[in-house]
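Peer 1: Structure supplied as data-v5.tsv; contents: TSV, C-alpha atoms and all ligand atoms.
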chain	number	residue	atom	x	y	z
G	1	MET	CA	35.03	17.21	32.24
G	2	LEU	CA	36.66	18.21	29.02
G	3	ASP	CA	36.45	21.87	28.01
G	4	LEU	CA	34.53	21.45	24.75
G	5	ILE	CA	34.59	25.13	23.76
G	6	LYS	CA	38.37	25.22	24.09
G	7	LEU	CA	38.64	22.05	21.99
G	8	ARG	CA	36.29	23.41	19.30
G	9	LYS	CA	38.36	26.56	18.99
G	10	LYS	CA	41.58	24.54	18.84
G	11	LEU	CA	40.11	22.39	16.03
G	12	HIS	CA	39.11	25.60	14.24
G	13	THR	CA	42.73	26.75	14.21
G	14	LEU	CA	43.83	23.40	12.71
G	15	ALA	CA	41.43	23.51	9.70
G	16	GLU	CA	42.51	21.00	7.05
G	17	ILE	CA	40.92	20.14	3.70
G	18	SER	CA	39.13	16.90	2.80
G	19	GLY	CA	41.36	13.84	2.95
G	20	LYS	CA	44.23	15.74	4.60
G	21	GLU	CA	42.96	15.97	8.18
G	22	ILE	CA	46.34	14.98	9.67
G	23	LYS	CA	46.76	17.36	12.63
G	24	THR	CA	43.03	17.23	13.35
G	25	LYS	CA	43.11	13.43	13.61
G	26	SER	CA	46.22	13.49	15.72
G	27	LEU	CA	44.62	15.85	18.27
G	28	LEU	CA	41.37	13.85	18.33
G	29	LYS	CA	43.29	10.61	18.76
G	30	GLU	CA	45.28	12.02	21.68
G	31	ILE	CA	42.05	12.99	23.46
G	32	LEU	CA	40.25	9.73	22.63
G	33	GLU	CA	43.09	7.65	24.06
G	34	LYS	CA	42.25	9.07	27.50
G	35	PHE	CA	38.72	7.63	27.18
G	36	LYS	CA	40.18	4.15	26.66
G	37	PRO	CA	38.10	2.88	23.76
G	38	ASP	CA	38.52	-0.85	23.05
G	39	ARG	CA	39.74	0.02	19.58
G	40	LEU	CA	41.06	3.24	18.13
G	41	GLU	CA	42.24	3.12	14.57
G	42	GLU	CA	42.26	4.78	11.20
G	43	MET	CA	40.17	3.46	8.33
G	44	CYS	CA	40.25	5.11	4.90
G	45	GLY	CA	41.49	8.36	6.41
G	46	SER	CA	38.74	8.43	9.06
G	47	LEU	CA	39.35	7.90	12.76
G	48	ILE	CA	37.25	5.16	14.35
G	49	ALA	CA	36.83	4.62	18.11
G	50	VAL	CA	35.01	1.49	19.25
G	51	PHE	CA	33.62	0.87	22.73
G	52	ASP	CA	32.85	-2.84	22.70
G	53	SER	CA	30.93	-4.75	25.37
G	54	ALA	CA	32.05	-8.03	23.75
G	55	LYS	CA	28.44	-9.14	24.24
G	56	LYS	CA	25.90	-9.69	21.54
G	57	GLY	CA	23.67	-6.69	20.96
G	58	ARG	CA	22.88	-3.84	18.66
G	59	ASN	CA	25.85	-1.98	17.19
G	60	ILE	CA	25.33	1.74	16.92
G	61	ALA	CA	27.46	4.41	15.30
G	62	PHE	CA	27.64	8.16	15.73
G	63	ARG	CA	29.33	10.13	12.99
G	64	ALA	CA	30.89	13.57	12.84
G	65	ASP	CA	32.78	15.00	9.87
G	66	MET	CA	36.10	16.78	10.45
G	67	ASP	CA	37.19	18.39	7.17
G	68	ALA	CA	37.33	22.10	6.41
G	69	LEU	CA	36.90	24.05	3.17
G	70	PRO	CA	39.67	25.16	0.78
G	71	VAL	CA	38.62	28.78	1.39
G	72	GLY	CA	40.24	31.34	3.65
G	73	GLU	CA	38.13	32.93	6.40
G	74	SER	CA	37.68	36.64	6.92
G	75	ASN	CA	37.53	36.27	10.72
G	76	VAL	CA	40.24	37.92	12.75
G	77	PHE	CA	39.54	36.34	16.16
G	78	SER	CA	42.35	34.52	17.95
G	79	HIS	CA	41.12	31.03	17.03
G	80	ARG	CA	41.09	31.76	13.27
G	81	SER	CA	42.60	29.09	11.01
G	82	LYS	CA	46.38	28.97	10.93
G	83	ASP	CA	46.18	28.21	7.21
G	84	PRO	CA	45.03	31.34	5.32
G	85	ARG	CA	43.62	29.17	2.49
G	86	THR	CA	41.60	26.74	4.62
G	87	ALA	CA	38.85	27.27	7.19
G	88	HIS	CA	36.07	25.51	9.09
G	89	LEU	CA	33.20	27.32	7.38
G	90	CYS	CA	30.76	24.41	7.64
G	91	GLY	CA	31.12	23.74	11.35
G	92	HIS	CA	32.74	20.32	11.15
G	93	ASP	CA	35.00	21.47	14.01
G	94	GLY	CA	31.83	21.70	16.12
G	95	HIS	CA	30.52	18.32	14.94
G	96	SER	CA	33.81	16.60	15.87
G	97	THR	CA	33.84	18.34	19.25
G	98	THR	CA	30.31	17.05	19.89
G	99	LEU	CA	31.45	13.51	19.15
G	100	ILE	CA	34.34	13.91	21.60
G	101	GLY	CA	31.77	14.98	24.19
G	102	LEU	CA	29.85	11.78	23.48
G	103	ALA	CA	33.06	9.74	23.74
G	104	GLU	CA	33.57	11.11	27.24
G	105	HIS	CA	29.99	10.15	28.16
G	106	ILE	CA	30.41	6.64	26.75
G	107	SER	CA	33.72	6.19	28.56
G	108	GLN	CA	31.82	6.72	31.83
G	109	ASN	CA	28.82	4.64	30.70
G	110	ARG	CA	30.33	1.84	28.65
G	111	PRO	CA	27.96	-0.29	26.56
G	112	ARG	CA	26.46	-3.29	28.34
G	113	LYS	CA	25.81	-5.08	25.05
G	114	GLY	CA	26.74	-4.58	21.45
G	115	ARG	CA	29.22	-1.90	20.55
G	116	ALA	CA	29.25	1.87	20.14
G	117	VAL	CA	31.30	3.14	17.23
G	118	LEU	CA	32.37	6.76	16.87
G	119	ILE	CA	33.22	7.82	13.33
G	120	PHE	CA	35.36	10.95	12.97
G	121	GLN	CA	34.90	11.08	9.25
G	122	SER	CA	37.30	12.42	6.70
G	123	ALA	CA	36.34	14.11	3.40
G	124	GLU	CA	32.65	14.88	3.74
G	125	GLU	CA	32.78	17.97	1.54
G	126	THR	CA	34.02	15.97	-1.47
G	127	GLY	CA	31.66	13.03	-0.95
G	128	GLU	CA	34.61	10.65	-0.61
G	129	GLY	CA	34.78	9.87	3.12
G	130	ALA	CA	31.66	7.79	3.82
G	131	LYS	CA	31.77	6.21	0.37
G	132	ALA	CA	35.25	4.83	1.09
G	133	LEU	CA	34.30	3.60	4.56
G	134	ILE	CA	31.24	1.60	3.52
G	135	ALA	CA	33.36	-0.19	0.92
G	136	ASP	CA	36.11	-1.03	3.44
G	137	PRO	CA	36.12	-4.67	4.66
G	138	GLU	CA	37.42	-3.68	8.14
G	139	PHE	CA	34.60	-1.17	8.53
G	140	LYS	CA	32.04	-3.74	7.39
G	141	LYS	CA	33.25	-6.11	10.12
G	142	LEU	CA	31.94	-3.66	12.72
G	143	LYS	CA	28.44	-4.72	11.58
G	144	ILE	CA	26.83	-1.40	12.45
G	145	ASP	CA	23.04	-1.58	12.69
G	146	GLU	CA	22.24	2.09	13.29
G	147	PHE	CA	23.94	5.32	12.22
G	148	TYR	CA	23.31	8.76	13.76
G	149	GLY	CA	24.57	12.09	12.52
G	150	PHE	CA	23.65	15.78	12.46
G	151	HIS	CA	24.52	19.10	10.88
G	152	ASN	CA	24.28	22.52	12.44
G	153	ILE	CA	21.65	24.61	10.65
G	154	PRO	CA	22.09	28.40	10.62
G	155	GLY	CA	18.94	30.46	10.33
G	156	CYS	CA	17.01	28.19	12.69
G	157	GLU	CA	16.37	28.78	16.37
G	158	SER	CA	19.36	27.67	18.42
G	159	GLY	CA	19.00	24.16	19.81
G	160	THR	CA	15.94	23.19	17.76
G	161	VAL	CA	16.08	19.65	16.40
G	162	LEU	CA	15.05	19.59	12.74
G	163	TYR	CA	13.86	16.22	11.52
G	164	ARG	CA	12.12	14.57	8.61
G	165	GLU	CA	11.13	11.03	7.76
G	166	GLY	CA	12.28	9.78	4.35
G	167	VAL	CA	14.50	12.12	2.35
G	168	PHE	CA	16.26	14.71	4.56
G	169	ALA	CA	18.90	16.10	2.15
G	170	SER	CA	19.15	15.95	-1.63
G	171	ALA	CA	21.12	13.81	-4.00
G	172	SER	CA	23.68	15.59	-6.17
G	173	VAL	CA	26.42	14.79	-8.63
G	174	GLY	CA	28.91	16.64	-10.80
G	175	MET	CA	28.62	15.67	-14.48
G	176	ILE	CA	31.34	16.39	-17.04
G	177	ILE	CA	30.48	16.11	-20.73
G	178	GLU	CA	33.43	16.33	-23.11
G	179	PHE	CA	33.15	16.71	-26.89
G	180	GLU	CA	36.11	16.02	-29.10
G	181	GLY	CA	36.29	17.18	-32.71
G	182	LYS	CA	39.07	18.78	-34.71
G	183	ASN	CA	40.42	22.30	-34.61
G	184	SER	CA	40.93	24.38	-37.71
G	185	HIS	CA	42.09	27.77	-38.90
G	186	ALA	CA	39.44	30.33	-37.95
G	187	SER	CA	39.06	31.23	-41.63
G	188	GLN	CA	38.46	27.57	-42.61
G	189	PRO	CA	35.72	26.13	-40.40
G	190	GLU	CA	34.98	23.53	-43.11
G	191	ASN	CA	38.33	21.86	-42.27
G	192	GLY	CA	37.51	21.35	-38.60
G	193	ILE	CA	34.82	19.96	-36.32
G	194	SER	CA	34.04	22.53	-33.66
G	195	PRO	CA	32.11	21.48	-30.54
G	196	VAL	CA	30.52	24.94	-30.10
G	197	THR	CA	27.18	24.26	-31.80
G	198	ALA	CA	26.84	20.94	-29.98
G	199	LEU	CA	27.56	22.70	-26.67
G	200	THR	CA	24.94	25.38	-27.30
G	201	GLU	CA	22.36	22.74	-28.24
G	202	LEU	CA	23.13	20.73	-25.12
G	203	ILE	CA	22.94	23.84	-22.93
G	204	LYS	CA	19.48	24.62	-24.33
G	205	PHE	CA	18.43	21.03	-23.65
G	206	VAL	CA	19.72	21.17	-20.05
G	207	GLN	CA	17.76	24.38	-19.46
G	208	ASP	CA	14.63	22.75	-20.88
G	209	VAL	CA	15.09	19.72	-18.59
G	210	THR	CA	15.39	22.03	-15.55
G	211	ALA	CA	12.28	23.92	-16.67
G	212	GLY	CA	10.36	20.62	-16.86
G	213	LYS	CA	9.79	20.90	-20.63
G	214	ILE	CA	11.35	17.53	-21.44
G	215	SER	CA	10.16	15.23	-18.70
G	216	ARG	CA	8.29	15.18	-15.41
G	217	PHE	CA	10.06	14.43	-12.14
G	218	SER	CA	8.77	13.09	-8.86
G	219	SER	CA	9.88	16.22	-6.99
G	220	LYS	CA	12.21	19.21	-7.17
G	221	VAL	CA	15.25	19.00	-9.47
G	222	LEU	CA	17.90	21.51	-10.45
G	223	ILE	CA	20.68	21.40	-13.02
G	224	SER	CA	23.31	24.10	-12.57
G	225	ILE	CA	25.64	24.86	-15.45
G	226	VAL	CA	28.85	25.37	-13.51
G	227	GLY	CA	31.28	25.45	-16.42
G	228	VAL	CA	31.43	25.76	-20.22
G	229	LYS	CA	34.71	25.49	-22.05
G	230	ALA	CA	35.72	25.63	-25.73
G	231	GLY	CA	38.73	27.31	-27.26
G	232	GLY	CA	40.19	30.51	-25.91
G	233	ARG	CA	41.45	33.93	-26.96
G	234	ASP	CA	43.28	32.47	-29.89
G	235	PHE	CA	41.50	34.40	-32.63
G	236	GLY	CA	42.98	32.44	-35.49
G	237	VAL	CA	41.73	29.05	-34.28
G	238	ASN	CA	38.36	27.31	-34.21
G	239	PRO	CA	38.26	25.00	-31.18
G	240	GLY	CA	38.54	21.24	-31.56
G	241	ASP	CA	37.18	20.22	-28.20
G	242	GLY	CA	34.79	21.48	-25.54
G	243	GLU	CA	33.32	20.67	-22.19
G	244	LEU	CA	30.12	21.25	-20.27
G	245	ASP	CA	30.16	20.88	-16.47
G	246	LEU	CA	26.91	20.42	-14.62
G	247	THR	CA	25.76	19.88	-11.06
G	248	LEU	CA	22.62	17.77	-10.94
G	249	ARG	CA	20.50	18.04	-7.82
G	250	ALA	CA	17.24	16.32	-6.85
G	251	PHE	CA	15.35	15.25	-3.74
G	252	GLU	CA	15.09	11.69	-5.05
G	253	ASN	CA	17.84	9.36	-6.31
G	254	ARG	CA	15.56	8.16	-9.10
G	255	ASP	CA	15.29	11.69	-10.49
G	256	ILE	CA	19.08	12.03	-10.62
G	257	LYS	CA	19.15	8.75	-12.54
G	258	LYS	CA	16.53	10.05	-14.96
G	259	ILE	CA	18.37	13.36	-15.54
G	260	LYS	CA	21.61	11.46	-16.19
G	261	GLU	CA	19.87	9.22	-18.74
G	262	LEU	CA	18.28	12.20	-20.52
G	263	ILE	CA	21.57	14.10	-20.78
G	264	VAL	CA	23.65	11.06	-21.78
G	265	SER	CA	21.18	10.30	-24.54
G	266	LYS	CA	21.05	13.90	-25.78
G	267	ALA	CA	24.85	14.27	-25.64
G	268	GLY	CA	25.22	11.12	-27.75
G	269	GLU	CA	22.63	12.30	-30.24
G	270	THR	CA	24.21	15.76	-30.48
G	271	ALA	CA	27.74	14.37	-30.84
G	272	LYS	CA	26.60	12.07	-33.64
G	273	LYS	CA	24.79	14.88	-35.46
G	274	HIS	CA	27.93	17.04	-35.46
G	275	GLY	CA	30.51	14.30	-36.04
G	276	LEU	CA	32.06	14.63	-32.57
G	277	GLN	CA	33.33	12.06	-30.08
G	278	PHE	CA	31.95	12.39	-26.58
G	279	ASN	CA	32.83	11.25	-23.10
G	280	ILE	CA	30.94	11.56	-19.81
G	281	ARG	CA	32.34	11.42	-16.27
G	282	TYR	CA	30.87	11.94	-12.82
G	283	LEU	CA	32.45	13.50	-9.74
G	284	GLU	CA	31.41	14.19	-6.15
G	285	GLU	CA	28.42	11.87	-6.13
G	286	PHE	CA	26.08	12.18	-3.14
G	287	PRO	CA	22.96	10.01	-2.89
G	288	SER	CA	19.99	11.48	-1.02
G	289	VAL	CA	19.98	11.14	2.78
G	290	GLU	CA	17.04	8.89	3.61
G	291	ASN	CA	15.96	8.65	7.21
G	292	ASP	CA	14.73	5.44	8.76
G	293	SER	CA	11.26	5.99	10.26
G	294	GLY	CA	12.04	3.86	13.35
G	295	LEU	CA	15.09	5.95	14.16
G	296	VAL	CA	13.20	9.18	13.54
G	297	ALA	CA	10.61	7.94	16.06
G	298	LYS	CA	13.41	7.26	18.55
G	299	LEU	CA	14.80	10.78	18.02
G	300	LYS	CA	11.34	12.30	18.54
G	301	LYS	CA	10.79	10.21	21.67
G	302	ILE	CA	14.01	11.49	23.24
G	303	CYS	CA	13.21	15.09	22.33
G	304	ALA	CA	9.70	14.80	23.80
G	305	LYS	CA	10.96	13.17	27.01
G	306	ASN	CA	13.57	15.89	27.56
G	307	SER	CA	11.43	18.80	26.33
G	308	PHE	CA	13.87	19.53	23.50
G	309	LYS	CA	12.46	21.84	20.83
G	310	THR	CA	11.73	20.08	17.53
G	311	LYS	CA	10.64	21.14	14.09
G	312	LYS	CA	9.51	18.85	11.31
G	313	ILE	CA	10.80	20.17	7.99
G	314	SER	CA	8.21	19.96	5.23
G	315	LEU	CA	10.64	19.56	2.34
G	316	PRO	CA	14.13	18.01	2.25
G	317	PHE	CA	17.13	20.35	2.29
G	318	PHE	CA	18.48	21.06	-1.18
G	319	TRP	CA	22.10	20.57	-0.11
G	320	SER	CA	23.79	17.17	-0.02
G	321	GLU	CA	25.52	15.15	2.70
G	322	ASP	CA	27.71	12.11	2.28
G	323	PHE	CA	26.11	10.64	5.42
G	324	ALA	CA	23.74	9.29	2.73
G	325	TYR	CA	26.14	6.42	2.07
G	326	TYR	CA	25.51	4.90	5.51
G	327	ASN	CA	21.89	4.29	4.43
G	328	LYS	CA	23.29	1.63	2.16
G	329	ILE	CA	24.63	-0.59	4.95
G	330	GLY	CA	22.32	0.07	7.91
G	331	SER	CA	19.45	2.10	9.29
G	332	ALA	CA	20.33	5.74	9.56
G	333	VAL	CA	18.99	9.03	10.77
G	334	PHE	CA	20.42	12.44	10.05
G	335	PHE	CA	18.97	15.53	11.69
G	336	GLY	CA	19.64	19.23	11.96
G	337	ILE	CA	20.38	21.27	15.06
G	338	GLY	CA	19.40	24.91	14.72
G	339	SER	CA	22.42	27.12	15.32
G	340	GLY	CA	20.66	30.45	15.71
G	341	THR	CA	18.55	32.77	13.59
G	342	ASP	CA	21.34	35.35	13.38
G	343	GLN	CA	24.03	32.79	12.51
G	344	LEU	CA	25.79	33.31	9.15
G	345	PRO	CA	25.08	30.74	6.40
G	346	LEU	CA	27.28	27.67	5.99
G	347	HIS	CA	30.39	28.25	3.84
G	348	ASN	CA	30.25	32.02	4.46
G	349	LYS	CA	33.78	33.40	4.90
G	350	SER	CA	32.92	34.82	8.33
G	351	TYR	CA	31.12	31.70	9.60
G	352	ASP	CA	32.17	30.34	13.01
G	353	TYR	CA	30.57	27.40	14.85
G	354	PRO	CA	28.16	28.57	17.58
G	355	ASP	CA	29.63	27.08	20.76
G	356	GLU	CA	26.34	27.56	22.62
G	357	ILE	CA	24.87	24.47	20.89
G	358	LEU	CA	27.77	22.20	21.91
G	359	SER	CA	26.48	21.01	25.27
G	360	PHE	CA	22.97	20.53	23.91
G	361	SER	CA	24.28	18.46	20.97
G	362	VAL	CA	26.36	16.27	23.29
G	363	SER	CA	23.34	15.77	25.51
G	364	LEU	CA	21.14	14.75	22.56
G	365	PHE	CA	23.77	12.30	21.26
G	366	SER	CA	24.20	10.92	24.79
G	367	HIS	CA	20.45	10.36	25.19
G	368	LEU	CA	20.37	8.53	21.85
G	369	TYR	CA	23.23	6.36	23.03
G	370	ASP	CA	21.65	5.71	26.45
G	371	LEU	CA	18.32	4.73	24.94
G	372	SER	CA	19.96	2.32	22.51
G	373	ASP	CA	21.86	0.68	25.36
G	374	ASP	CA	18.68	0.37	27.45
G	375	LEU	CA	16.75	-1.46	24.74
G	401	ZN	ZN	29.85	22.13	3.83
G	402	ZN	ZN	29.01	20.41	6.45
Rewrite the coordinates I just gave you, this time as structure tokens.
Peer 2:
Amino acid sequence: MLDLIKLRKKLHTLAEISGKEIKTKSLLKEILEKFKPDRLEEMCGSLIAVFDSAKKGRNIAFRADMDALPVGESNVFSHRSKDPRTAHLCGHDGHSTTLIGLAEHISQNRPRKGRAVLIFQSAEETGEGAKALIADPEFKKLKIDEFYGFHNIPGCESGTVLYREGVFASASVGMIIEFEGKNSHASQPENGISPVTALTELIKFVQDVTAGKISRFSSKVLISIVGVKAGGRDFGVNPGDGELDLTLRAFENRDIKKIKELIVSKAGETAKKHGLQFNIRYLEEFPSVENDSGLVAKLKKICAKNSFKTKKISLPFFWSEDFAYYNKIGSAVFFGIGSGTDQLPLHNKSYDYPDEILSFSVSLFSHLYDLSDDL
């Protein structure tokens, strides 16, 4: 049996940012080759292993992300990242290790019908990885019916399975609003068109939307003002252009749509009022993760049968996950695995994946795989 803890620590040392998981993929590929999948290839930067029975049946996929954050860690242990600017502070090293553990299990219990697909996914943190895969014709040909994935959840009892039907994690998107006017000498504002008043009006509007003064939403929403730009320390110049950067967050996709419409409309109105041009762009778009009730029932059944601890979360998590994109092409379930009440929060500079949940996570994935193959 493969030493999963050793592998997890090795992956931790190799931490690479989203879309650049070169050494990580190479190591995973080398290990996967030993398990003799029927196909092992790269698609859109992700590594895909397929165990194919060549018989008609349900096609199921298990996904783990493998990217790290562009942030250095403060840990000094021997398996710290070799790159001082990049570290596995979200535990994707642990997720990938879990999927390798499942690959070993599948290699010894190959599917009798349908196919099992293992997705070692690139670029989760930027929302690019899953989005690219679901648009890829080669990936579509795998005709995956069911997708399974999980995230480790610090602050929750180690090994507890956190689940929820419907929305599990929130939708979010980065919104960039640019105003373009004309700069002028600071003593002659009448000769320019400054975006500053428009920006302040739009900021007030955004705060009113968040406070629920403009419109009602179906559930929790949040708009974070992450950046405001106009001019600089050039005291003789009135700025000619400006920018407002927002992160929109909501439990429901429809609320994100509504916030976008409200802000686009207000930005247009404000630009017109002040004689400015405006432009809007979106980045890092994550739909909400919506769990299929049938797959949640399957997860609960396995947990009950094996006396695994479970906890139903009352509200969705307010963070986002690009696993959400798999909802668009198949049934999907995403769940949490508690990583310990004393575990540091995700993205903390001293975070390190708790190896004690590795064998449990592999066992849960393996049970999900076994049950699907038995059906
Ligand atoms: Zn993260
Ligand atoms: Zn993560």
Peer 1: Set the distance at 12 Å and use only C-alpha atoms: which residues neighbour G:Ser307 once local chain neighbours fewer than 4 positions away are removed? I'd like the list as a PyMOL selection string.
Peer 2: chain G and resi 159-161+300-303+360+364
Peer 1: Give the residues close to ligand ZN 402 (chain G), within 7 Å, counting all atoms listed in the file; write them as a PyMOL selection string.
Peer 2: chain G and resi 90-92+125+151
Peer 1: Report as a Markdown table: every residue of chain G with an atom at most 10 Å from ligand ZN 401 (chain G), its closest pair of atoms, and their distance in Å to one decimal, counting all atoms listed in the file, with rows sorted by chain and ascending residue number.
Peer 2:
| residue | atom | partner | partner_atom | distance |
| --- | --- | --- | --- | --- |
| G:Asp65 | CA | G:ZN401 | ZN | 9.8 |
| G:Asp67 | CA | G:ZN401 | ZN | 8.9 |
| G:Ala68 | CA | G:ZN401 | ZN | 7.9 |
| G:Leu69 | CA | G:ZN401 | ZN | 7.3 |
| G:His88 | CA | G:ZN401 | ZN | 8.8 |
| G:Leu89 | CA | G:ZN401 | ZN | 7.1 |
| G:Cys90 | CA | G:ZN401 | ZN | 4.5 |
| G:Gly91 | CA | G:ZN401 | ZN | 7.8 |
| G:His92 | CA | G:ZN401 | ZN | 8.1 |
| G:Glu124 | CA | G:ZN401 | ZN | 7.8 |
| G:Glu125 | CA | G:ZN401 | ZN | 5.6 |
| G:Thr126 | CA | G:ZN401 | ZN | 9.1 |
| G:His151 | CA | G:ZN401 | ZN | 9.3 |
| G:Trp319 | CA | G:ZN401 | ZN | 8.8 |
| G:Ser320 | CA | G:ZN401 | ZN | 8.7 |
| G:Glu321 | CA | G:ZN401 | ZN | 8.3 |
| G:Leu346 | CA | G:ZN401 | ZN | 6.5 |
| G:His347 | CA | G:ZN401 | ZN | 6.1 |
| G:Asn348 | CA | G:ZN401 | ZN | 9.9 |
Peer 1: Using Å and a single decimal, report how far atom CA of G:Val209 sits from atom CA of G:Ile259.
Peer 2: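 Atom CA of G:Ile259 sits 7.8 Å away from atom CA of G:Val209.
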Peer 1: I'd like a table as CSV: residues in stretch 43-66 of chain G with an atom no more than 12 Å from stretch 15-34 of chain G, each row giving the shortest atom pair and its distance in Å to one decimal, all atoms listed in the file counted, sorted by chain and rising residue number.
Peer 2:
residue,atom,partner,partner_atom,distance
G:Met43,CA,G:Lys25,CA,11.7
G:Cys44,CA,G:Gly19,CA,9.0
G:Gly45,CA,G:Gly19,CA,6.5
G:Ser46,CA,G:Lys25,CA,8.0
G:Leu47,CA,G:Lys25,CA,6.7
G:Ile48,CA,G:Lys29,CA,9.3
G:Ala49,CA,G:Leu32,CA,7.6
G:Val50,CA,G:Leu32,CA,10.3
G:Phe51,CA,G:Leu32,CA,11.1
G:Ala64,CA,G:Leu28,CA,11.8
G:Asp65,CA,G:Ser18,CA,9.7
G:Met66,CA,G:Glu21,CA,7.3
Peer 1: Choose the residue, out of G:Asn59, G:Ser170, G:Ser331, G:Asn75, that has the smallest atom-to-atom separation from G:Tyr351; count only C-alpha atoms.
Peer 2: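 The closest residue to G:Tyr351 is G:Asn75.
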Peer 1: Given all atoms listed in the file as the basis, pick out the residue of G:Asn306, G:Ser293, G:Glu41, G:Phe365 nearest to G:Gly166.
Peer 2: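 Counting all atoms listed in the file, the residue closest to G:Gly166 is G:Ser293.
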Peer 1: Rank nothing, just name the residue among G:Tyr326, G:Tyr353, G:Phe335, G:Phe251 nearest to G:Val221, using all atoms listed in the file.
Peer 2: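 So, comparing all the options, the nearest one is G:Phe251.
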Peer 1: Kindly indicate which residue among G:Ala132, G:Ile100, G:Leu142, G:Leu7 lies nearest to G:Asp52, using all atoms listed in the file for the distances.
Peer 2: G:Leu142
Peer 1: Identify which of the residues G:Lys272, G:His185, G:Arg115, G:Arg39 lies closest to G:Gly57, counting only C-alpha atoms when measuring atom-to-atom distances.
Peer 2: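 Using only C-alpha atoms, G:Gly57 sits closest to G:Arg115.
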Peer 1: Could you check which of G:Lys260, G:Lys143, G:His79, G:Lys298 is closest to G:Ile280, using all atoms listed in the file?
Peer 2: G:Lys260
Peer 1: At a cut-off of 8 Å, using all atoms listed in the file, what residues contact G:Pro354? Leave out same-chain residues fewer than 4 positions from it and give the result as a ChimeraX atom specification.
Peer 2: /G:94,339-340,343,358
Peer 1: Identify, on the basis of all atoms listed in the file, every residue whose closest approach to G:Ile134 does not exceed 8 Å; exclude the query and any residue fewer than 3 positions from it along the same chain; express the result as a PyMOL selection string.
Peer 2: chain G and resi 130-131+139-140+325-326+329
Peer 1: Just the number, please: distance in Å from atom CA of G:Phe62 to atom CA of G:Asp342, one decimal.
Peer 2: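 These atoms are spaced 28.0 Å apart.
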Peer 1: Expressed in Å to a single decimal, how great is the separation between atom CA of G:Phe217 and atom CA of G:Glu269?
Peer 2: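 Computed distance, atom CA of G:Phe217 to atom CA of G:Glu269, equals 22.1 Å.
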